[in-house]
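Engineer: My structure is stored as protein35.pdb, with PDB, C-alpha atoms.
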ATOM      1  CA  MET A 144      16.152 -41.170 -52.011
ATOM      2  CA  LYS A 145      18.898 -38.853 -51.189
ATOM      3  CA  ASN A 146      20.173 -39.161 -54.689
ATOM      4  CA  ALA A 147      16.886 -38.131 -56.171
ATOM      5  CA  ASN A 148      16.751 -35.022 -54.002
ATOM      6  CA  ILE A 149      20.264 -34.038 -54.942
ATOM      7  CA  HIS A 150      19.487 -34.471 -58.577
ATOM      8  CA  GLN A 151      16.452 -32.245 -58.299
ATOM      9  CA  ASP A 152      18.418 -29.539 -56.491
ATOM     10  CA  SER A 153      21.157 -29.506 -59.046
ATOM     11  CA  VAL A 154      18.732 -29.072 -61.960
ATOM     12  CA  LYS A 155      18.073 -25.377 -62.285
ATOM     13  CA  GLU A 156      15.123 -23.855 -63.921
ATOM     14  CA  PRO A 157      15.930 -21.854 -67.016
ATOM     15  CA  GLN A 158      16.408 -18.156 -66.228
ATOM     16  CA  LYS A 159      14.015 -15.676 -67.723
ATOM     17  CA  PRO A 160      15.605 -12.734 -69.491
ATOM     18  CA  GLN A 161      15.400  -9.516 -67.470
ATOM     19  CA  LYS A 162      13.195  -6.831 -68.895
ATOM     20  CA  ALA A 163      14.910  -3.590 -69.754
ATOM     21  CA  ARG A 164      13.875  -0.642 -67.527
ATOM     22  CA  ARG A 165      12.162   2.087 -69.409
ATOM     23  CA  PHE A 166      12.671   4.870 -66.875
ATOM     24  CA  PRO A 167      15.805   5.530 -64.882
ATOM     25  CA  LYS A 168      15.587   5.195 -61.160
ATOM     26  CA  PHE A 169      14.496   8.419 -59.422
ATOM     27  CA  GLY A 170      16.882   9.379 -56.652
ATOM     28  CA  VAL A 171      17.448  12.019 -54.019
ATOM     29  CA  LEU A 172      19.798  13.965 -56.289
ATOM     30  CA  ASP A 173      17.062  14.184 -58.936
ATOM     31  CA  ALA A 174      14.611  15.601 -56.390
ATOM     32  CA  VAL A 175      17.168  18.189 -55.261
ATOM     33  CA  ILE A 176      17.772  19.303 -58.862
ATOM     34  CA  ILE A 177      14.028  19.643 -59.549
ATOM     35  CA  LEU A 178      13.506  21.665 -56.347
ATOM     36  CA  LEU A 179      16.457  23.885 -57.265
ATOM     37  CA  VAL A 180      15.002  24.620 -60.718
ATOM     38  CA  ILE A 181      11.595  25.447 -59.178
ATOM     39  CA  ALA A 182      13.266  27.759 -56.650
ATOM     40  CA  ILE A 183      15.173  29.584 -59.407
ATOM     41  CA  VAL A 184      12.033  30.112 -61.526
ATOM     42  CA  ALA A 185      10.049  31.315 -58.492
ATOM     43  CA  GLY A 186      12.899  33.633 -57.494
ATOM     44  CA  ILE A 187      13.035  35.231 -60.938
ATOM     45  CA  TYR A 188       9.256  35.735 -60.997
ATOM     46  CA  PHE A 189       9.237  37.141 -57.453
ATOM     47  CA  ARG A 190      12.113  39.490 -58.153
ATOM     48  CA  TYR A 191      10.477  41.130 -61.178
ATOM     49  CA  SER A 192       6.888  41.189 -59.908
ATOM     50  CA  PHE A 193       7.911  42.365 -56.426
ATOM     51  CA  PHE A 194      10.014  45.255 -57.679
ATOM     52  CA  ASP A 195       7.366  46.268 -60.224
ATOM     53  CA  THR A 196       4.821  46.372 -57.404
ATOM     54  CA  LEU A 197       7.169  48.386 -55.219
ATOM     55  CA  ASN A 198       7.852  50.880 -58.001
ATOM     56  CA  SER A 199       4.160  51.340 -58.788
ATOM     57  CA  MET A 200       3.281  51.758 -55.104
ATOM     58  CA  LYS A 201       6.192  54.095 -54.376
ATOM     59  CA  ASN A 202       4.600  57.245 -55.802
ATOM     60  CA  MET A 203       1.043  56.650 -54.530
ATOM     61  CA  LYS A 204      -0.852  59.867 -53.876
ATOM     62  CA  GLU A 205      -4.417  60.715 -52.983
ATOM     63  CA  CYS A 206      -6.198  62.211 -56.013
ATOM     64  CA  TYR A 207      -9.547  63.619 -57.045
ATOM     65  CA  VAL A 208     -10.792  62.252 -60.340
ATOM     66  CA  THR A 209     -13.355  64.689 -61.734
ATOM     67  CA  PHE A 210     -15.935  63.021 -63.954
ATOM     68  CA  LYS A 211     -19.060  63.854 -65.878
ATOM     69  CA  THR A 212     -22.134  61.777 -66.492
ATOM     70  CA  ASP A 213     -24.394  62.115 -69.480
ATOM     71  CA  LYS A 214     -28.149  61.743 -69.469
ATOM     72  CA  ILE A 215     -28.802  60.252 -66.063
ATOM     73  CA  THR A 216     -31.966  60.992 -64.126
ATOM     74  CA  THR A 217     -32.149  63.122 -61.027
ATOM     75  CA  ASN A 218     -33.357  60.044 -59.150
ATOM     76  CA  VAL A 219     -30.113  58.214 -60.014
ATOM     77  CA  SER A 220     -27.970  61.132 -58.892
ATOM     78  CA  ARG A 221     -29.850  61.310 -55.588
ATOM     79  CA  GLU A 222     -29.014  57.639 -54.918
ATOM     80  CA  MET A 223     -25.311  58.536 -54.899
ATOM     81  CA  SER A 224     -23.998  59.975 -51.645
ATOM     82  CA  ASP A 225     -20.722  61.119 -50.137
ATOM     83  CA  GLY A 226     -18.431  58.212 -49.249
ATOM     84  CA  ASP A 227     -20.092  55.622 -51.500
ATOM     85  CA  ALA A 228     -17.592  53.070 -52.785
ATOM     86  CA  ILE A 229     -17.161  53.097 -56.576
ATOM     87  CA  TYR A 230     -16.308  49.875 -58.446
ATOM     88  CA  PHE A 231     -15.582  49.087 -62.074
ATOM     89  CA  LYS A 232     -18.525  47.132 -63.483
ATOM     90  CA  SER A 233     -16.285  45.095 -65.791
ATOM     91  CA  ASP A 234     -14.151  43.379 -63.141
ATOM     92  CA  GLY A 235     -15.420  44.593 -59.763
ATOM     93  CA  SER A 236     -12.128  46.216 -58.798
ATOM     94  CA  SER A 237     -12.196  49.303 -56.626
ATOM     95  CA  PHE A 238     -12.044  52.769 -58.201
ATOM     96  CA  GLY A 239     -12.370  54.920 -55.078
ATOM     97  CA  THR A 240     -15.074  56.735 -53.100
ATOM     98  CA  LEU A 241     -17.441  59.529 -54.066
ATOM     99  CA  ALA A 242     -16.333  62.781 -52.482
ATOM    100  CA  VAL A 243     -17.620  66.283 -51.933
ATOM    101  CA  THR A 244     -14.623  68.544 -52.536
ATOM    102  CA  SER A 245     -15.779  71.688 -50.751
ATOM    103  CA  GLU A 246     -18.211  72.815 -48.075
ATOM    104  CA  GLU A 247     -20.167  75.009 -50.524
ATOM    105  CA  ILE A 248     -21.224  71.976 -52.550
ATOM    106  CA  THR A 249     -23.731  69.775 -50.748
ATOM    107  CA  MET A 250     -24.487  67.271 -53.510
ATOM    108  CA  VAL A 251     -22.059  64.625 -54.718
ATOM    109  CA  ILE A 252     -23.237  65.090 -58.302
ATOM    110  CA  GLN A 253     -23.604  68.720 -59.399
ATOM    111  CA  GLU A 254     -26.665  68.616 -61.615
ATOM    112  CA  GLN A 255     -27.152  70.556 -64.815
ATOM    113  CA  PRO A 256     -30.355  70.094 -66.822
ATOM    114  CA  ALA A 257     -29.959  68.256 -70.085
ATOM    115  CA  THR A 258     -31.084  71.038 -72.377
ATOM    116  CA  ASN A 259     -31.172  71.635 -76.078
ATOM    117  CA  THR A 260     -30.957  75.182 -77.371
ATOM    118  CA  VAL A 261     -33.338  75.866 -80.236
ATOM    119  CA  PHE A 262     -32.251  78.503 -82.770
ATOM    120  CA  LYS A 263     -34.529  80.411 -85.114
ATOM    121  CA  ASP A 264     -33.184  82.796 -87.733
ATOM    122  CA  GLY A 265     -29.722  82.681 -86.152
ATOM    123  CA  LYS A 266     -30.991  83.813 -82.750
ATOM    124  CA  THR A 267     -31.534  81.795 -79.597
ATOM    125  CA  TYR A 268     -35.193  80.913 -79.442
ATOM    126  CA  ALA A 269     -35.497  78.720 -76.352
ATOM    127  CA  ASP A 270     -33.759  76.208 -74.106
ATOM    128  CA  VAL A 271     -35.757  73.018 -74.003
ATOM    129  CA  GLN A 272     -35.276  70.613 -71.110
ATOM    130  CA  TYR A 273     -35.749  66.942 -71.854
ATOM    131  CA  PRO A 274     -38.109  65.606 -70.650
ATOM    132  CA  GLN A 275     -39.603  68.844 -69.437
ATOM    133  CA  GLY A 276     -41.033  69.195 -65.934
ATOM    134  CA  MET A 277     -40.662  65.575 -64.882
ATOM    135  CA  ASP A 278     -39.335  64.562 -61.479
ATOM    136  CA  GLY A 279     -36.950  62.091 -63.109
ATOM    137  CA  SER A 280     -35.785  64.441 -65.855
ATOM    138  CA  LEU A 281     -32.438  63.869 -67.518
ATOM    139  CA  ILE A 282     -29.391  65.730 -66.264
ATOM    140  CA  TYR A 283     -25.711  66.120 -66.927
ATOM    141  CA  GLY A 284     -23.740  65.716 -63.742
ATOM    142  CA  ILE A 285     -20.240  66.495 -62.570
ATOM    143  CA  GLY A 286     -18.698  64.843 -59.517
ATOM    144  CA  ASN A 287     -15.464  63.697 -57.885
ATOM    145  CA  ILE A 288     -14.032  60.374 -56.863
ATOM    146  CA  LYS A 289     -11.299  60.257 -54.244
ATOM    147  CA  CYS A 290      -8.790  57.541 -55.073
ATOM    148  CA  SER A 291      -5.135  56.508 -54.832
ATOM    149  CA  CYS A 292      -3.003  56.933 -57.924
ATOM    150  CA  SER A 293       0.618  56.339 -58.704
ATOM    151  CA  VAL A 294       1.983  59.350 -60.551
ATOM    152  CA  SER A 295       4.739  58.565 -63.028
ATOM    153  CA  GLU A 296       7.529  60.876 -64.144
ATOM    154  CA  ASP A 297       5.777  61.592 -67.461
ATOM    155  CA  GLY A 298       2.611  62.722 -65.653
ATOM    156  CA  SER A 299       0.449  59.670 -66.289
ATOM    157  CA  TYR A 300      -1.695  58.139 -63.538
ATOM    158  CA  LEU A 301      -2.046  54.510 -62.480
ATOM    159  CA  LEU A 302      -5.182  53.934 -60.412
ATOM    160  CA  ASN A 303      -4.241  51.816 -57.371
ATOM    161  CA  GLY A 304      -0.844  51.359 -59.022
ATOM    162  CA  THR A 305      -2.220  49.098 -61.747
ATOM    163  CA  THR A 306      -4.868  50.665 -64.038
ATOM    164  CA  TYR A 307      -3.929  53.507 -66.385
ATOM    165  CA  ILE A 308      -6.455  56.374 -66.304
ATOM    166  CA  SER A 309      -6.532  59.685 -68.161
ATOM    167  CA  PRO A 310      -8.976  62.447 -69.053
ATOM    168  CA  GLY A 311     -11.327  61.466 -71.847
ATOM    169  CA  GLN A 312     -11.685  57.815 -70.861
ATOM    170  CA  THR A 313     -15.201  56.480 -70.268
ATOM    171  CA  TYR A 314     -16.015  53.733 -67.761
ATOM    172  CA  THR A 315     -19.108  52.006 -66.456
ATOM    173  CA  VAL A 316     -18.969  52.130 -62.664
ATOM    174  CA  CYS A 317     -21.230  50.941 -59.868
ATOM    175  CA  THR A 318     -22.147  51.834 -56.326
ATOM    176  CA  GLU A 319     -24.256  49.661 -54.054
ATOM    177  CA  LYS A 320     -27.420  51.178 -55.551
ATOM    178  CA  VAL A 321     -26.754  52.412 -59.094
ATOM    179  CA  THR A 322     -24.701  51.845 -62.236
ATOM    180  CA  VAL A 323     -23.616  54.840 -64.327
ATOM    181  CA  ASN A 324     -21.309  55.698 -67.208
ATOM    182  CA  ILE A 325     -18.688  58.301 -66.354
ATOM    183  CA  THR A 326     -16.143  60.169 -68.457
ATOM    184  CA  ILE A 327     -13.006  61.416 -66.719
ATOM    185  CA  ILE A 328     -12.517  65.142 -67.304
ATOM    186  CA  GLY A 329      -9.643  65.790 -64.898
ATOM    187  CA  ILE A 330      -7.264  64.278 -62.345
ATOM    188  CA  GLU A 331      -5.867  66.380 -59.529
ATOM    189  CA  VAL A 332      -3.433  65.385 -56.796
ATOM    190  CA  ILE A 333      -4.711  66.349 -53.341
ATOM    191  CA  SER A 334      -2.092  68.587 -51.756
TER     192      SER A 334
END
Please lay out the structure from this file as structure tokens.
Structural biologist:
Amino acid sequence: MKNANIHQDSVKEPQKPQKARRFPKFGVLDAVIILLVIAIVAGIYFRYSFFDTLNSMKNMKECYVTFKTDKITTNVSREMSDGDAIYFKSDGSSFGTLAVTSEEITMVIQEQPATNTVFKDGKTYADVQYPQGMDGSLIYGIGNIKCSCSVSEDGSYLLNGTTYISPGQTYTVCTEKVTVNITIIGIEVIS
């Protein structure tokens, strides 16, 4: 019996061929290299974005942006009051706050009737207000928004250090109660 057991032990099963590995073994050195590459990319991004932010925030000044509105009703202008936050309708970012610039002016929006001058034979015939005599008649309004702008060396303004603004641009802005279209007519640094 011993002989039979010895014979069985000495007979080996045929070896199966080893499968080739498709991927190399992942080691500690590989992880260190990957982390180093990520740190370099993050450092480059941080360096450029951080210094751009610092440069745009460096020259921040309080400004009055003077705007005009076209063809709004008196009811809409009365819904806007001093200190109301103004937001861009497109993305909800902050523009600034409505401001009264002097003690003589009590309204945030200085109202002017939306009139048409009618001429007859080359002479002024009449100024017609549209719509005439209504409580919610149309007006042209002028107002101010107090905001923070970065002033560049060439005289251009970046609202909150990011959004370029200049006279002549038209935006749709919102308060908590109303939405209006405004056209910037001037930007003045508060001294």
Engineer: Show me the residues close to (-9.4, 61.6, -70.6) - anything with an atom within 8 Å, counting all atoms listed in the file - and format the list as an MDAnalysis selection string.
Structural biologist: chainID A and resid 308:313 326:329
Engineer: Considering all atoms listed in the file, state which residue in the set A:Ile229, A:Ala185, A:Cys290, A:Ile215 is at the smallest distance from Tyr314 (chain A).
Structural biologist: A:Ile229
Engineer: Step by step, gather every atom of region 233-243 of chain A that the file lists, find the box along x, y and z that holds them, add 3 Å on each side, and finally give centre and edge lengths in Å to one decimal, as JSON.
Structural biologist:
{"center_x": -14.8, "center_y": 54.8, "center_z": -58.9, "size_x": 11.6, "size_y": 28.9, "size_z": 19.9}
Engineer: Work out how far apart CA of Val219 (chain A) and CA of Val243 (chain A) are and give it in Å to one decimal.
Structural biologist: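 CA of Val243 (chain A) lies 16.9 Å from CA of Val219 (chain A).
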Engineer: Work out how far CA of Ser192 (chain A) is from CA of Cys292 (chain A), in Å to one decimal.
Structural biologist: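 Taking CA of Cys292 (chain A) as the start and CA of Ser192 (chain A) as the end point, the length is 18.7 Å.
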Engineer: Quick one, how far is CA of Asp225 (chain A) from CA of Lys289 (chain A)?
Structural biologist: 10.3 Å
Engineer: Do you know which residues are at most 10 Å from Ser237 (chain A) counting all atoms listed in the file, after dropping those on the same chain fewer than 2 positions away, and could you put them as a PyMOL selection string?
Structural biologist: chain A and resi 228-232+234-235+239-240+290+302-303+316-317
Engineer: As a check of understanding, name the residues that the PyMOL selection byres ((chain A and resi 298) around 12) selects in the supplied structure, as number ranges by chain.
Structural biologist: A: 202, 292-297, 299-301, 307-309, 330-332
